[in-house]
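A.B. asks: Encoded as structure tokens, here's the structure I'll be asking about.
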Amino acid sequence: MIHSLFLINSSGDIFLEKHWKSVVSRSVCDYFFEAQERATEAENVPPVIPTPHHYLLSVYRHKIFFVAVIQTEVPPLFVIEFLHRVVDTFQDYFGVCSEPVIKDNVVVVYEVLEEMLDNGFPLATESNILKELIKPPTILRTVVNTITGSTNVGDQLPTGQLSVVPWRRTGVKYTNNEAYFDVVEEIDAIIDKSGSTVTAEIQGVIDACVKLTGMPDLTLSFMNPRLLDDVSFHPCVRFKRWESERILSFIPPDGNFRLLSYHVSAQNLVAIPVYVKHNISFRDSSSLGRFEITVGPKQTMGKTIEGVIVTSQMPKGVLNMSLTPSQGTHTFDPVTKMLSWDVGKINPQKLPSLKGTMSLQVGASKPDENPTINLQFKIQQLAISGLKVNRLDMYGEKYKPFKGIKYMTKAGKFQVRT
Amino acid sequence: MTDSKYFTTTKKGEIFELKAELNSDKKEKKKEAVKKVIASMTVGKDVSALFPDVVNCMQTDNLELKKLVYLYLMNYAKSQPDMAIMAVNTFVKDCEDPNPLIRALAVRTMGCIRVDKITEYLCEPLRKCLKDEDPYVRKTAAVCVAKLHDINAQLVEDQGFLDTLKDLISDSNPMVVANAVAALSEIAESHPSSNLLDLNPQSINKLLTALNECTEWGQIFILDCLANYMPKDDREAQSICERVTPRLSHANSAVVLSAVKVLMKFMEMLSKDLDYYGTLLKKLAPPLVTLLSAEPELQYVALRNINLIVQKRPEILKHEMKVFFVKYNDPIYVKLEKLDIMIRLASQANIAQVLAELKEYATEVDVDFVRKAVRAIGRCAIKVEQSAERCVSTLLDLIQTKVNYVVQEAIVVIKDIFRKYPNKYESVIATLCENLDSLDEPEARAAMIWIVGEYAERIDNADELLESFLEGFHDESTQVQLQLLTAIVKLFLKKPTETQELVQQVLSLATQDSDNPDLRDRGYIYWRLLSTDPVAAKEVVLAEKPLISEETDLIEPTLLDELICYIGTLASVYHKPPSAFVEGGRGVVHKSLPPRTASSESTESPETAPAGAPSGDQPDVIPAQGDLLGDLLNLDLGPPVSGPPLAASSVQMGAVDLLGGGLDSLMGDEPEGIGDTNFGAPPAAVTTAATPARLGAPISSGLSDLFDLTSGVGTLSGSYVAPKAVWLPAIKAKGLEISGTFTRQVGSISMDLQLTNKALQVMTDFAIQFNRNSFGLAPAAPLQVHAPLSPNQTVELSLPLNTVGSVMKMEPLNNLQVAVKNNIDVFYFSTLYPLHVLFVEDGKMDRQMFLATWKDIPNENEAQFQIRDCPLNTEAASNKLQSSNIFTVAKRSVEGQDMLYQSLKLTNGIWVLAELRIQPGNPSMTLSLKCRAPEVSQHVYQAYETILKN
């Protein structure tokens, strides 16, 4: 099982270590540093690194490497999933997960890590259970603790730990009972030069924020459940009911949680809400190139596209760019060669465009690679897959909750090749 | 106020100050001090000197303080074992605490104190906690057993904790079950021989029940444990699969992958005809695809596993090619894996898309990735024949970009394409030669040199090109030097007049000026060959090369099957069995896929054959090369032969055996020269030939059944009969001339003989005997020549043959050595029988089976032949072949070509699958043969040719 954990920042300093079994010398990380050096960018450090006596499994998030050390055959996905869970927990506890924040809260971090694993076996990883065991730091509590001498460690057995619904604590009470659901869909797409779709898929999630008193039993049904043929559920969802009736039936955890995530595969026809017209040419002879892109709406079901940001990694040969946007602001970093254009809203009557010239290295040959354009956008009140919630019902409790549902479509990894 | 204040105490005498604070009366101060100590500990400062002071803080009601002290204790107990004993009392007391959280905390911490001395004090508290009324304490205690085992395995066994742990598998609480399974699995891993997790249907049932209710991590442990279970039949396997399938929808990717492992393993036991089997296959694809939308690290592990899964069961993901398309900001390790899987999934149906993508990738920035993409184009060309042309033109486009490493990779793969499709794309050589100067990598240089040498006759200035390489011969890498040597020798053999000087130069460079043993040896061999027998040299050096196989990097099937059992583990990431890398002397148990049970047995293609069992259903009649070689060595009693050893000794062996093999009965006189070794001995006593005899015996009895079967269903039309040929000229046999041919009619083989007496005396007492041969041909009846054969008389007779004789592999395969005796002498001759007399009447394979078998036979076994000058149309060819028991299974027209898919079966049960390509108006046909015993291909081809041309 998981032996030790090292947190390493991008400059290669180990700033935290935690051992769940015997102590593993931090020199084991030298193998990691070697790999880090070999990889040109932090993202490219391989997640599994063998060393003579151990294996190092790492994830890279928030500019921190979380490196787990294992000694025996352990499912690597288990370790990597766990590491991601650690990061999520930190984020949940401290709002952000960064080196200064972790250092500021080192004792809580230590206590949390100790609760999450026992001898390398996961113990409590659900954040609502952890929060019962170790209270997250708040300014108020810190002050209160200092005055009263009370601690931020709960001395009650976490109620969820052993019940049939380990994800929910008992005795939840609210004055306003409310349940909100967000259907968020991200489009991952690759669009080729000519504007046709190479591949497009939708990653969707339904995130919930449920603040309901007692032990409510909810059912959520969809207008078109057939869209959901590839789903992953929160453990609270009764799988049998879904299999037979295509209805989500569950006792929700308290607070924020991800009810389900789904995937609409490339085989289905995925509507592409935007298009990008581009004309990028590097001329061989002169040291000037032409650059022009226009963004426009495509299949938006009448909704507005907002929050559009266009980024593109320009080839090394591009020294600078002089561009004029019809709206929004743009920047070009001559060092990283990253072009970024914050477009904002798309007005279908007046399509935003960015035009101008690129100055290229004199004498150098035409760049080999074509820049890929990366697109970010948001569309409110639309689930691009067409998924629609039919109704939400509550059983088991008497009160009438307030219910709400929101839809949103975003760009995931949305790339346009030029 | 943050914890960072704990780090700021950098004053001198820090430890001293802390010591004072720890011994303070104020609780709050104490706690702050412990926090400071812990903070120093986490950043690696040594605060072990404070041990007694910290332990003194342990006896407290404050849970946080207690936990902090425990943290400290776990870290330093090892370095201060004597001090640690001080903590024992508190542990024992805490284990009795009314609060289960404190009890659990105590038992948890206890196990983390890795000090031998105190472990024995902990046994009693642990025993109590294992039976605690609160499941939270029990599940914590279960893990504690694993901890203790790690410290002192003997103690754990002596105290009977393992049995208690086993009992916990039947605990009422699923979390306790999961932790017990996890603990037992970990203990079992360090003791592979111990039978800790002996699973039976009852315990499996309990695990499956717990699976639905325990935490995600517990599910992983339970699923991994289930994967080690061997269901007793397919029904049990199916019911387990049904209960595991819902886990595929879990949000935790490790749960999903562990569930995939269980399903992939137990699926082995399900019959393919089952509806459930198909449902299961369909259910496996979406979760695997979903794994690819997770974080890149998870994707990487998922991709490594998918790589195994698509090799084992390509059908699962065959429609999901697009999810493997690379996004430009994927980390490089994800990109490379995706690329690999794209090639594995490439097929005729999606090749256009794949090529377009690969071409796109070839223009990316990352050099490693670009190289692999270019290589991938080459692999596509080799894998999907229909795409070869497109791939070559794509590669040429890429060469035009003049990007150095792209050009080099392209040349390396074009070399492979040449080897796969000889005489097809050589027109591009000119373009390649233009880029000669830009090649600076050994592999690319070697590939280019190979191309120049191989096609020297088509490149006008081949000698100049090679000469230019020769200038810096000693600076080249060995790979290039060897290739250059061979290429120049090839060139010399092709254009001897102009290149004599060059070859001498390279030979002397290789043999005299080099100290690389490989290079010298190869140089000397060529030299000797060229100087002794240039014709032989030509045969050796310019010999036709075997075509290269499709996918070179496929994992070997038995390893693949083992790895499937390790899906989701490190082994699956490294594609190596754990025995290859798990450290320490722990014997690792080899896992294997479950065999199909009797009730699910189906007669379908061997593709589904489980690991371990023989992969084919045909008996392998021809003894393996190794056996044969051993055999040859045994037989070779004479002095060492100087000629080519194989041929020589097989001849000699034939002679010895002819004498020993029961010929004594018909040999009146002793033949001169031979016959001293085993003459007269009964066959069983021929020790030298014992191996093949043993091998042959049981098989041939099985063969006779097959043979009987075939004669029953045989078609009436006979197969093609060649005209008689003279086998034994009169001069060699004291006047007896024998000519003959082989026929096959209605399922029986016979040898039609014509005996002519060209001597002056009457011949009588004819008898015939065959030496053991590849297919066990033997006379079914004695040779009956009724009347004495007077001078100048000819008698025609037909000798029925069967295939139940002893088997020995001959060289060539269809060689038959025959001894004929008459009143004058014994005569020996050998003849080659056409293989089609062995084609049985029930050689028509079912379409589905054909398809599956074709896929299943490795591509190395495929052989391709040209049948020239055979202007038959498809219909006529098919009919002609059919009458010789070559059956057309399916017919297809592609781009104006007719493809006939044919099958035939030999008397010994070997199936040969064929694809015959006929182009109307073109007298040449292309024949591809696939067979598990590739040795027969050549002869089957000859049979085809004879049948089609007559």
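Ligands are numbered from 1 in the order shown, residues from 1 within each chain, and chains are lettered A, B, ... in the order they appear in the structure tokens.
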Residues of region 835-941 of chain B classed as helix (DSSP H, G or I) by DSSP on the backbone are to be reported as an NGL selection string.

C.D. replies: :B and (835-838 or 847-856 or 859-861 or 874-883 or 934-941)

A.B. asks: Put those residues in a file: N, CA and C atoms, as a compact mmCIF listing (two decimals), in the first residue's frame.

C.D. replies:
```
# COMPACT_ATOMS: atom_id res chain seq x y z
N LEU B 835 1.74 -32.58 -52.93
CA LEU B 835 1.06 -32.51 -51.64
C LEU B 835 -0.45 -32.66 -51.78
N HIS B 836 -0.98 -32.36 -52.98
CA HIS B 836 -2.44 -32.35 -53.06
C HIS B 836 -3.05 -33.75 -52.91
N VAL B 837 -2.24 -34.78 -53.02
CA VAL B 837 -2.84 -36.10 -52.75
C VAL B 837 -3.19 -36.22 -51.27
N LEU B 838 -2.66 -35.34 -50.47
CA LEU B 838 -2.95 -35.40 -49.04
C LEU B 838 -4.12 -34.51 -48.65
N ARG B 847 -17.19 -20.47 -42.77
CA ARG B 847 -16.76 -19.08 -43.03
C ARG B 847 -16.27 -18.35 -41.79
N GLN B 848 -17.06 -18.43 -40.75
CA GLN B 848 -16.73 -17.72 -39.51
C GLN B 848 -15.41 -18.22 -38.95
N MET B 849 -15.36 -19.55 -38.98
CA MET B 849 -14.17 -20.20 -38.44
C MET B 849 -12.95 -19.80 -39.25
N PHE B 850 -13.16 -19.71 -40.57
CA PHE B 850 -12.07 -19.33 -41.45
C PHE B 850 -11.53 -17.96 -41.05
N LEU B 851 -12.48 -17.08 -40.87
CA LEU B 851 -12.11 -15.71 -40.52
C LEU B 851 -11.33 -15.67 -39.21
N ALA B 852 -11.87 -16.39 -38.25
CA ALA B 852 -11.25 -16.37 -36.94
C ALA B 852 -9.87 -17.01 -36.98
N THR B 853 -9.79 -18.13 -37.70
CA THR B 853 -8.51 -18.83 -37.77
C THR B 853 -7.49 -17.97 -38.50
N TRP B 854 -7.95 -17.35 -39.57
CA TRP B 854 -7.03 -16.50 -40.35
C TRP B 854 -6.43 -15.43 -39.46
N LYS B 855 -7.29 -14.85 -38.64
CA LYS B 855 -6.81 -13.81 -37.75
C LYS B 855 -5.88 -14.37 -36.69
N ASP B 856 -6.21 -15.55 -36.30
CA ASP B 856 -5.51 -16.14 -35.17
C ASP B 856 -4.10 -16.59 -35.51
N ASN B 859 1.03 -13.62 -38.16
CA ASN B 859 1.35 -13.20 -39.51
C ASN B 859 2.71 -13.68 -40.00
N GLU B 860 3.56 -14.06 -39.05
CA GLU B 860 4.85 -14.60 -39.52
C GLU B 860 4.61 -15.84 -40.36
N ASN B 861 3.48 -16.48 -40.12
CA ASN B 861 3.22 -17.73 -40.80
C ASN B 861 2.64 -17.53 -42.20
N THR B 874 -11.77 -16.81 -62.58
CA THR B 874 -11.98 -17.17 -61.18
C THR B 874 -12.78 -18.46 -61.04
N GLU B 875 -13.82 -18.51 -61.83
CA GLU B 875 -14.75 -19.65 -61.77
C GLU B 875 -13.99 -20.94 -62.06
N ALA B 876 -13.26 -20.92 -63.17
CA ALA B 876 -12.56 -22.13 -63.61
C ALA B 876 -11.53 -22.54 -62.57
N ALA B 877 -10.83 -21.54 -62.05
CA ALA B 877 -9.80 -21.86 -61.07
C ALA B 877 -10.42 -22.50 -59.84
N SER B 878 -11.50 -21.91 -59.42
CA SER B 878 -12.17 -22.42 -58.22
C SER B 878 -12.61 -23.86 -58.44
N ASN B 879 -13.20 -24.12 -59.62
CA ASN B 879 -13.66 -25.49 -59.90
C ASN B 879 -12.51 -26.47 -59.95
N LYS B 880 -11.47 -26.02 -60.61
CA LYS B 880 -10.31 -26.88 -60.76
C LYS B 880 -9.75 -27.25 -59.38
N LEU B 881 -9.66 -26.27 -58.54
CA LEU B 881 -9.07 -26.50 -57.22
C LEU B 881 -10.01 -27.37 -56.39
N GLN B 882 -11.28 -27.13 -56.57
CA GLN B 882 -12.26 -27.88 -55.79
C GLN B 882 -12.12 -29.38 -56.05
N SER B 883 -11.86 -29.74 -57.32
CA SER B 883 -11.79 -31.17 -57.61
C SER B 883 -10.55 -31.78 -56.97
N PRO B 934 4.07 -23.54 -40.99
CA PRO B 934 4.41 -22.80 -42.21
C PRO B 934 5.27 -23.59 -43.17
N GLU B 935 5.85 -24.70 -42.69
CA GLU B 935 6.72 -25.48 -43.57
C GLU B 935 5.98 -26.00 -44.80
N VAL B 936 4.67 -26.23 -44.64
CA VAL B 936 3.96 -26.87 -45.74
C VAL B 936 3.62 -25.87 -46.86
N SER B 937 3.70 -24.56 -46.52
CA SER B 937 3.21 -23.57 -47.48
C SER B 937 3.83 -23.72 -48.87
N GLN B 938 5.14 -23.87 -48.89
CA GLN B 938 5.85 -23.96 -50.16
C GLN B 938 5.26 -25.09 -51.00
N HIS B 939 4.98 -26.20 -50.34
CA HIS B 939 4.52 -27.37 -51.08
C HIS B 939 3.08 -27.22 -51.50
N VAL B 940 2.31 -26.54 -50.64
CA VAL B 940 0.92 -26.29 -51.02
C VAL B 940 0.91 -25.40 -52.25
N TYR B 941 1.82 -24.43 -52.25
CA TYR B 941 1.91 -23.54 -53.40
C TYR B 941 2.21 -24.34 -54.67
```

A.B. asks: Show me, as a PyMOL selection string, every residue of chain B with an atom at most 7 Å from chain A, counting only C-alpha atoms.

C.D. replies: chain B and resi 2-4+28+35+39+42-43+63-64+101+112+136+147+217+246+249-251+253-254+286-287+290+297-298+301+322+331-333+363-365+568-570+583

A.B. asks: Just to be explicit: take each residue in the selection above, keep C-alpha atoms, and write the result as a CSV table (one decimal), in the first residue's frame.

C.D. replies:
```
chain,number,residue,atom,x,y,z
B,2,THR,CA,-1.2,30.3,10.7
B,3,ASP,CA,0.9,27.3,11.4
B,4,SER,CA,3.9,28.9,9.7
B,28,GLU,CA,-2.3,25.4,25.9
B,35,LYS,CA,2.7,21.5,17.4
B,39,ALA,CA,6.2,21.0,12.4
B,42,THR,CA,7.7,17.4,9.1
B,43,VAL,CA,10.4,19.5,7.5
B,63,LEU,CA,-7.8,14.2,21.7
B,64,GLU,CA,-5.9,16.6,19.5
B,101,LEU,CA,-12.6,6.6,18.5
B,112,CYS,CA,2.8,1.9,13.7
B,136,TYR,CA,-15.0,1.0,13.5
B,147,LYS,CA,1.1,-3.9,10.3
B,217,TRP,CA,-11.3,1.7,-1.8
B,246,PRO,CA,-22.4,-2.2,-12.0
B,249,SER,CA,-20.2,2.9,-13.6
B,250,HIS,CA,-18.2,3.9,-10.5
B,251,ALA,CA,-16.7,7.4,-10.4
B,253,SER,CA,-11.2,4.9,-12.0
B,254,ALA,CA,-9.4,2.4,-9.9
B,286,PRO,CA,-17.9,3.0,-22.4
B,287,PRO,CA,-16.1,2.8,-19.1
B,290,THR,CA,-14.5,7.4,-19.9
B,297,GLU,CA,-1.9,10.5,-14.9
B,298,LEU,CA,-5.0,8.3,-14.8
B,301,VAL,CA,-2.3,4.1,-16.6
B,322,LYS,CA,-11.4,8.7,-32.3
B,331,PRO,CA,1.4,15.3,-21.9
B,332,ILE,CA,4.0,13.5,-24.0
B,333,TYR,CA,3.6,10.2,-22.1
B,363,THR,CA,4.2,18.4,-38.1
B,364,GLU,CA,4.1,18.9,-34.3
B,365,VAL,CA,6.9,20.4,-32.2
B,568,GLY,CA,-4.7,-2.3,-13.1
B,569,THR,CA,-1.4,-3.3,-11.5
B,570,LEU,CA,2.1,-2.1,-12.0
B,583,GLU,CA,11.8,-7.0,-5.7
```

A.B. asks: Find the residues around Leu760 (chain B) up to 10 Å (only C-alpha atoms counted), leave out those fewer than 3 positions away in its own chain, and share them as a PyMOL selection string.

C.D. replies: chain B and resi 734-735+757+763+790-792

A.B. asks: Find the spatial neighbours of Asn802 (chain B), counting only C-alpha atoms, within a cut-off of 6 Å - ignore same-chain residues fewer than 5 positions away - and output them as a ChimeraX atom specification.

C.D. replies: /B:777-778,780

A.B. asks: Between CA of Ile251 (chain A) and CA of Thr89 (chain A), measure the distance and give it in Å to one decimal.

C.D. replies: 22.2 Å

A.B. asks: Determine, counting only C-alpha atoms, which protein, DNA and RNA residues have an atom within 6 Å of an atom of Met358 (chain A); residues of the same chain fewer than 2 positions away are not included. Present the result as a list in words.

C.D. replies: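 With the cut-off at 6 Å, the set is Leu288, Gly289, Asn320 and Met321 of chain A.
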
A.B. asks: Report as a CSV table (one decimal) with N, CA, C and O atoms, in the first residue's frame all protein, DNA and RNA residues lying within 10 Å of Pro779 (chain B), evaluated on only C-alpha atoms, omitting residues in the same chain fewer than 4 positions from it.

C.D. replies:
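File around.csv, as written:
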```csv
chain,number,residue,atom,x,y,z
B,749,ILE,N,-5.5,-42.7,-51.3
B,749,ILE,CA,-4.3,-42.3,-52.1
B,749,ILE,C,-3.8,-43.6,-52.6
B,749,ILE,O,-3.8,-44.6,-52.0
B,750,SER,N,-3.3,-43.5,-53.9
B,750,SER,CA,-2.5,-44.7,-54.3
B,750,SER,C,-1.4,-44.2,-55.1
B,750,SER,O,-1.3,-43.1,-55.6
B,751,MET,N,-0.5,-45.2,-55.3
B,751,MET,CA,0.8,-44.9,-56.0
B,751,MET,C,0.6,-45.8,-57.3
B,751,MET,O,0.5,-47.0,-57.2
B,768,ILE,N,7.9,-53.9,-51.6
B,768,ILE,CA,8.1,-52.5,-51.5
B,768,ILE,C,8.0,-52.0,-50.1
B,768,ILE,O,7.2,-52.6,-49.3
B,769,GLN,N,8.8,-51.1,-49.7
B,769,GLN,CA,8.8,-50.5,-48.4
B,769,GLN,C,9.1,-49.0,-48.4
B,769,GLN,O,9.9,-48.6,-49.2
B,770,PHE,N,8.4,-48.3,-47.6
B,770,PHE,CA,8.7,-46.8,-47.5
B,770,PHE,C,9.5,-46.5,-46.3
B,770,PHE,O,9.2,-47.1,-45.2
B,783,LEU,N,3.0,-55.2,-52.4
B,783,LEU,CA,3.1,-55.0,-53.8
B,783,LEU,C,2.8,-56.3,-54.5
B,783,LEU,O,3.5,-57.3,-54.2
B,799,LEU,N,-0.8,-49.2,-56.2
B,799,LEU,CA,-0.5,-49.6,-54.9
B,799,LEU,C,-1.3,-48.7,-53.9
B,799,LEU,O,-1.0,-47.5,-53.8
B,800,PRO,N,-2.3,-49.2,-53.2
B,800,PRO,CA,-3.0,-48.3,-52.3
B,800,PRO,C,-2.1,-47.9,-51.1
B,800,PRO,O,-1.3,-48.7,-50.6
B,801,LEU,N,-2.3,-46.6,-50.7
B,801,LEU,CA,-1.4,-46.1,-49.6
B,801,LEU,C,-2.4,-45.7,-48.5
B,801,LEU,O,-3.5,-45.3,-48.7
B,802,ASN,N,-1.8,-45.7,-47.3
B,802,ASN,CA,-2.5,-45.0,-46.2
B,802,ASN,C,-1.6,-44.1,-45.5
B,802,ASN,O,-0.4,-44.0,-45.9
B,803,THR,N,-2.1,-43.4,-44.5
B,803,THR,CA,-1.2,-42.4,-43.9
B,803,THR,C,-1.1,-42.7,-42.4
B,803,THR,O,-1.0,-41.8,-41.5
B,804,VAL,N,-1.0,-44.0,-42.1
B,804,VAL,CA,-0.9,-44.4,-40.7
B,804,VAL,C,0.5,-44.8,-40.4
B,804,VAL,O,0.8,-45.4,-39.3
B,805,GLY,N,1.4,-44.7,-41.3
B,805,GLY,CA,2.8,-45.1,-41.0
B,805,GLY,C,3.5,-44.2,-40.0
B,805,GLY,O,2.9,-43.2,-39.5
```

A.B. asks: Name the closest residue to Leu284 (chain B) among the candidates B:Leu303, B:Ala447, B:Met925, B:Leu257; distances are taken between atoms, counting only C-alpha atoms.

C.D. replies: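 Distance minimum relative to Leu284 (chain B) lands on B:Leu257.
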
A.B. asks: Please identify all polymer residues within 9 Å of Cys241 (chain B), counting only C-alpha atoms, omitting same-chain residues fewer than 3 positions from it, and present them as a PyMOL selection string.

C.D. replies: chain B and resi 236-238+244-245+259+262-263+266-267+280

A.B. asks: Do you have the CA of Ile8 (chain A)-CA of Phe65 (chain A) distance handy?

C.D. replies: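 Going from CA of Ile8 (chain A) over to CA of Phe65 (chain A) covers 5.1 Å.
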
A.B. asks: Find the residue from A:Phe6, A:Phe377, A:Tyr31, A:Tyr93 that sits nearest to Phe66 (chain A); use only C-alpha atoms when measuring.

C.D. replies: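 Among the listed residues, A:Phe6 lies closest to Phe66 (chain A).
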
A.B. asks: By how many Å are CA of Val334 (chain B) and CA of Ile206 (chain A) apart?

C.D. replies: 27.1 Å

A.B. asks: Report as a PyMOL selection string: the residues of region 748-921 of chain B with a DSSP assignment of strand (DSSP E), based on the backbone of this structure.

C.D. replies: chain B and resi 748-757+767-770+778-779+794-802+815-821+826-832+862-867+887-894+897-905+911-918

A.B. asks: When you count only C-alpha atoms, which of these residues is closest to Val237 (chain A): B:Glu213, B:Asn873, B:Asp521, B:Thr499?

C.D. replies: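 Residue with the minimum atom-to-atom distance to Val237 (chain A): B:Glu213.
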